[in-house]
Amino acid sequence: MFAGFKQFVSRGNAIDLAVGVMIGGAFGTIVNSLVKDVITPILGMFGGQPDFSAIHIGSIQLGSFLNAVIAFLIMAAVLYYFIVVPFNRFSAKAPAPPPGPTAEQKLLTEIRDLLAKK
């Protein structure tokens, strides 16, 4: 039983998944800080801090849901415009140069040149 667990843990997939989860959590903290400490105060300067928590329909707290939706949209926009777009620009590769002539094309070019000399 222990040997099976040891084999499972030592496989690359489990280690890669653990590393991905840890990096993802740390990266999530960075994005949360960017939104909370930089973007939200900038938005607050223009329109005040949005807070819809007071909106209730009976016992349904619709305002809390609206706050969560707005926070998600801000987080998604920050992630896309500040992380994804710059990363895509940075990692974009220059188009590959067109391939050179094939061996057949080189041979045909030589034959053409020889015929042109005669």
# chains A, B, ... in the order shown; residues from 1 in each chain; ligands from 1

$ residues_around --residues "Gly63 in chain A" --least-positions-apart "6" --cutoff "10 Å" --atoms "only C-alpha atoms" --output "VMD selection string"
chain A and resid 51 to 57 69

$ closest_residue --among "A:Met1, A:Leu43, A:Ala14, A:Val35" --to "Ala76 in chain A" --atoms "only C-alpha atoms"
A:Val35

$ atom_distance --atom1 "CA of Phe46 in chain A" --atom2 "CA of Ile70 in chain A"
15.9 Å

$ residues_around --residues "Ile74 in chain A" --least-positions-apart "6" --cutoff "10 Å" --atoms "only C-alpha atoms" --output "VMD selection string"
chain A and resid 35 to 36 39 to 40 68 80

$ select_by_dssp --residues "range 21-71 of chain A" --states "helix (DSSP H, G or I)" --output "MDAnalysis selection string"
chainID A and resid 21:47 62:71
